[in-house]
Number of protein chains: 2
Amino acid sequence: MSTPSSTIGVFDSGVGGLTVLRAIHRLLPHHDTAYLGDTARVPYGTRSAETVVRYAENAARFLASREDLSVFVIACNTASAVAVEAVARAIPVPVIGVIEPTAREAALGSPRGRIGVVGTRGTIASGAYQRALTRLRPGVEVLAEACPLFVPLAEEGWTAKGDEVAELVARRYLSGLVSRDIDTLILGCTHYPLLEDVIRGVVGPGVRLADASEAVAREVAAVVGGRSAPPSASARGARYYVTDLPKGFAAVAERFLGAPIDAPIEVDL
Amino acid sequence: MSTPSSTIGVFDSGVGGLTVLRAIHRLLPHHDTAYLGDTARVPYGTRSAETVVRYAENAARFLASREDLSVFVIACNTASAVAVEAVARAIPVPVIGVIEPTAREAALGSPRGRIGVVGTRGTIASGAYQRALTRLRPGVEVLAEACPLFVPLAEEGWTAKGDEVAELVARRYLSGLVSRDIDTLILGCTHYPLLEDVIRGVVGPGVRLADASEAVAREVAAVVGGRSAPPSASARGARYYVTDLPKGFAAVAERFLGAPIDAPIEVDL
């Protein structure tokens with residue numbers, strides 16, 4: 001009997017995509033996964049679109065050659081904004097980016113069509129969320145705000161509700177959106193779910209948070225539901241590939257994944 | 001009459017080195033300068049030493065081919081830690097890194113030999129300041145602390161004394177050093193002079209701040225004093241080369257240089 005492919009591939013420029021992997025592990029606990037973090041070339045946000053496309057194609061070809069993929073998830077917002085089509089041409093596997101599923105969830109779920117988007121400077125400047133939201137729900141009001149300090153806060157682990165620095169930073173970035181009466185806030189960066197409690201404290205209970213990781217995990221479940229092998233004793237679990245292994249990587253990775261990471265395999269792309 | 005070379009070259013992975021250029025402009029206002037920021041490949045802190053050496057050699061060869069250099073300053077801490085020797089072999093021009101002059105000033109000026117060092121995670125992990133200080137003043141006590149949030153604070157412009165976020169972050173990073181009774185603090189990252197007022201507020205008036213930009217500018221003055229042309233009407237001022245020109249670059253650059261920047265020239269390395 002031929003075995004259908006069963007490994008869910010997740011690619012990010014660094015460690016942020018582990019929040020997406022974590023949501024996939026929660027929703028599909030018996031599926032095999034392989035994560036690729038391009039830690040040698042992180043961050044992508046400052047590179048040209050051509051360069052990001054080339055990096056993403058390389059990453060996709062590498063992971064498809066190493067693993068028997070059922071789906072390839074681009075968990076990086078910058079790469080999702082520019083490289084989904086090119087990657088889909090490069091490998092014979094369904095490709096999912098983070099922007100489309102997250103924007104769809106936000107656009108369809110927003111009660112009054114007033115949607116805030118937070119992300120890195122690069123993601124906000126690309127306008128990718130703004131375009132997707134307007135396409136999915138014409139007439140929607142989109143208020144975008146770049147929050148450059150959220151990524152280092154998450155990487156330092158200063159993310160607990162009650163952390164004075166985190167709360168002050170979140171208030172400074174978000175109070176403008178709150179005062180303009182958003183009903184939904186897109187966390188448009190894979191680092192931001194770690195700050196969810198702090199962000200929730202600032203925007204209040206009435207604002208829906210649209211989290212890329214949950215939306216993407218549901219899309220992955222829909223795609224692999226009809227394609228992947230059923231859970232089996234031969235599943236090999238989770239594998240991690242990185243292009244560079246900086247000091248302190250394991251601790252940061254554990255913070256994002258919510259559990260210790262298996263020894264990552266260092267590879268050249 | 002032959003004209004001796006007269007352009008001071010300053011190289012950094014991004015915009016941080018503009019604080020060094022600013023100190024050079026103040027000390028040597030009539031000298032021609034050329035700045036090269038490798039903004040397409042910033043930050044260097046997460047790359048391997050071999051890669052950083054290669055980038056720095058490329059940068060030095062490029063600037064030496066474009067400009068008639070009297071000195072080449074490596075204003076990037078990461079590159080200074082690993083690439084000064086290699087760059088000195090690559091171009092026929094005196095090469096100055098930031099670590100040696102800054103460590104010397106701190107080691108010789110410290111009243112009791114208790115020196116704190118703050119920098120990026122990469123710089124602190126490299127141990128370069130710790131080694132230089134111990135070599136220059138055996139028996140010195142060195143206390144090092146990585147401060148990852150200082151760079152994004154500086155790039156956001158949240159640097160004024162009284163800025164709640166900046167003061168809270170500075171207290172969190174520095175109070176351990178203060179309680180261990182340092183008499184000198186090395187600002188071991190070119191971004192940190194922008195936070196000098198905030199840092200001074202936390203460490204108090206009794207701690208000497210050793211600032212790379214001032215120490216390096218004095219070293220440059222010593223080197224070019226005997227080599228460069230006297231100020232002349234033909235001086236062409238300051239030129240800026242970057243390898244990528246992200247949105248918002250001019251505003252960030254102005255914050256670091258303390259004055260608007262001339263239109264940068266985009267180049268490929």
# chains A, B, ... in the order shown; residues from 1 in each chain; ligands from 1
call {"tool": "residues_around", "arguments": {"residues": "region 107-123 of chain A", "least_positions_apart": "3", "cutoff": "8 Å", "atoms": "only C-alpha atoms", "output": "PyMOL selection string"}}
result
chain A and resi 45-46+77-78+81+103-104+126-129+133+136-137+139-148+177+181-189+208
call {"tool": "residues_around", "arguments": {"residues": "Asp244 (chain A)", "least_positions_apart": "6", "cutoff": "10 Å", "atoms": "only C-alpha atoms", "output": "count of residues only"}}
result
15
call {"tool": "select_by_dssp", "arguments": {"residues": "region 86-191 of chain B", "states": "strand (DSSP E)", "output": "ChimeraX atom specification"}}
result
/B:95-97,114-119,141-146,184-187
call {"tool": "closest_residue", "arguments": {"among": "B:Ala238, B:Val84, B:Ala75, B:Ala34", "to": "Val20 (chain B)", "atoms": "only C-alpha atoms"}}
result
B:Ala75
call {"tool": "residues_around", "arguments": {"residues": "Asn58 (chain B)", "least_positions_apart": "6", "cutoff": "9 Å", "atoms": "only C-alpha atoms", "output": "list in words"}}
result
Val87, Ala90 and Leu269 of chain B
call {"tool": "write_last_selection", "arguments": {"atoms": "C-alpha atoms", "output": "CSV table (one decimal), in the first residue's frame"}}
result
chain,number,residue,atom,x,y,z
B,87,VAL,CA,40.2,44.5,6.5
B,90,ALA,CA,42.5,44.0,2.2
B,269,LEU,CA,28.3,45.2,-2.7
call {"tool": "residues_around", "arguments": {"residues": "Glu254 (chain B)", "least_positions_apart": "2", "cutoff": "12 Å", "atoms": "only C-alpha atoms", "output": "PDB file with C-alpha atoms, in the first residue's frame"}}
result
ATOM      1  CA  VAL B  15      22.696  53.520  10.574  1.00  0.00           C
ATOM      2  CA  GLY B  16      24.272  53.165  14.040  1.00  0.00           C
ATOM      3  CA  LEU B  18      26.282  57.696  12.062  1.00  0.00           C
ATOM      4  CA  THR B  19      26.816  58.481  15.767  1.00  0.00           C
ATOM      5  CA  LEU B  21      30.414  60.022  11.986  1.00  0.00           C
ATOM      6  CA  ARG B  22      28.700  62.761  13.983  1.00  0.00           C
ATOM      7  CA  ALA B 154      16.878  54.416  19.641  1.00  0.00           C
ATOM      8  CA  GLU B 155      15.404  53.678  16.204  1.00  0.00           C
ATOM      9  CA  GLY B 157      13.316  57.892  18.845  1.00  0.00           C
ATOM     10  CA  LEU B 194      21.257  58.400  21.685  1.00  0.00           C
ATOM     11  CA  GLY B 248      11.788  55.862   6.768  1.00  0.00           C
ATOM     12  CA  PHE B 249      15.577  55.693   6.341  1.00  0.00           C
ATOM     13  CA  ALA B 250      16.052  59.475   6.160  1.00  0.00           C
ATOM     14  CA  ALA B 251      14.188  60.066   9.439  1.00  0.00           C
ATOM     15  CA  VAL B 252      16.142  57.402  11.311  1.00  0.00           C
ATOM     16  CA  PHE B 256      21.490  59.411  14.545  1.00  0.00           C
ATOM     17  CA  LEU B 257      23.441  62.108  12.735  1.00  0.00           C
ATOM     18  CA  GLY B 258      21.677  65.001  14.454  1.00  0.00           C
ATOM     19  CA  ALA B 259      21.132  66.736  11.101  1.00  0.00           C
ATOM     20  CA  PRO B 260      19.385  65.922   7.819  1.00  0.00           C
ATOM     21  CA  ILE B 261      21.390  63.532   5.644  1.00  0.00           C
ATOM     22  CA  ASP B 262      22.332  64.285   2.012  1.00  0.00           C
ATOM     23  CA  ALA B 263      20.598  62.000  -0.500  1.00  0.00           C
TER      24      ALA B 263
END
call {"tool": "residues_around", "arguments": {"residues": "Arg200 (chain A)", "least_positions_apart": "3", "cutoff": "12 Å", "atoms": "only C-alpha atoms", "output": "PyMOL selection string"}}
result
chain A and resi 159-162+166-167+170-171+174-175+178+184-187+192-197+203-210
call {"tool": "atom_distance", "arguments": {"atom1": "CA of Ala56 (chain B)", "atom2": "CA of Gly9 (chain B)"}}
result
12.8 Å
call {"tool": "decode", "arguments": {"residues": "region 252-268 of chain B", "atoms": "C-alpha atoms", "output": "compact mmCIF listing (two decimals), in the first residue's frame"}}
result
# COMPACT_ATOMS: atom_id res chain seq x y z
CA VAL B 252 16.14 57.40 11.31
CA ALA B 253 19.42 58.63 9.83
CA GLU B 254 18.69 62.21 10.87
CA ARG B 255 18.04 61.03 14.43
CA PHE B 256 21.49 59.41 14.54
CA LEU B 257 23.44 62.11 12.73
CA GLY B 258 21.68 65.00 14.45
CA ALA B 259 21.13 66.74 11.10
CA PRO B 260 19.39 65.92 7.82
CA ILE B 261 21.39 63.53 5.64
CA ASP B 262 22.33 64.28 2.01
CA ALA B 263 20.60 62.00 -0.50
CA PRO B 264 22.21 58.55 -0.05
CA ILE B 265 23.60 56.67 -3.04
CA GLU B 266 22.31 53.10 -3.31
CA VAL B 267 25.04 50.61 -4.22
CA ASP B 268 25.49 46.84 -4.62
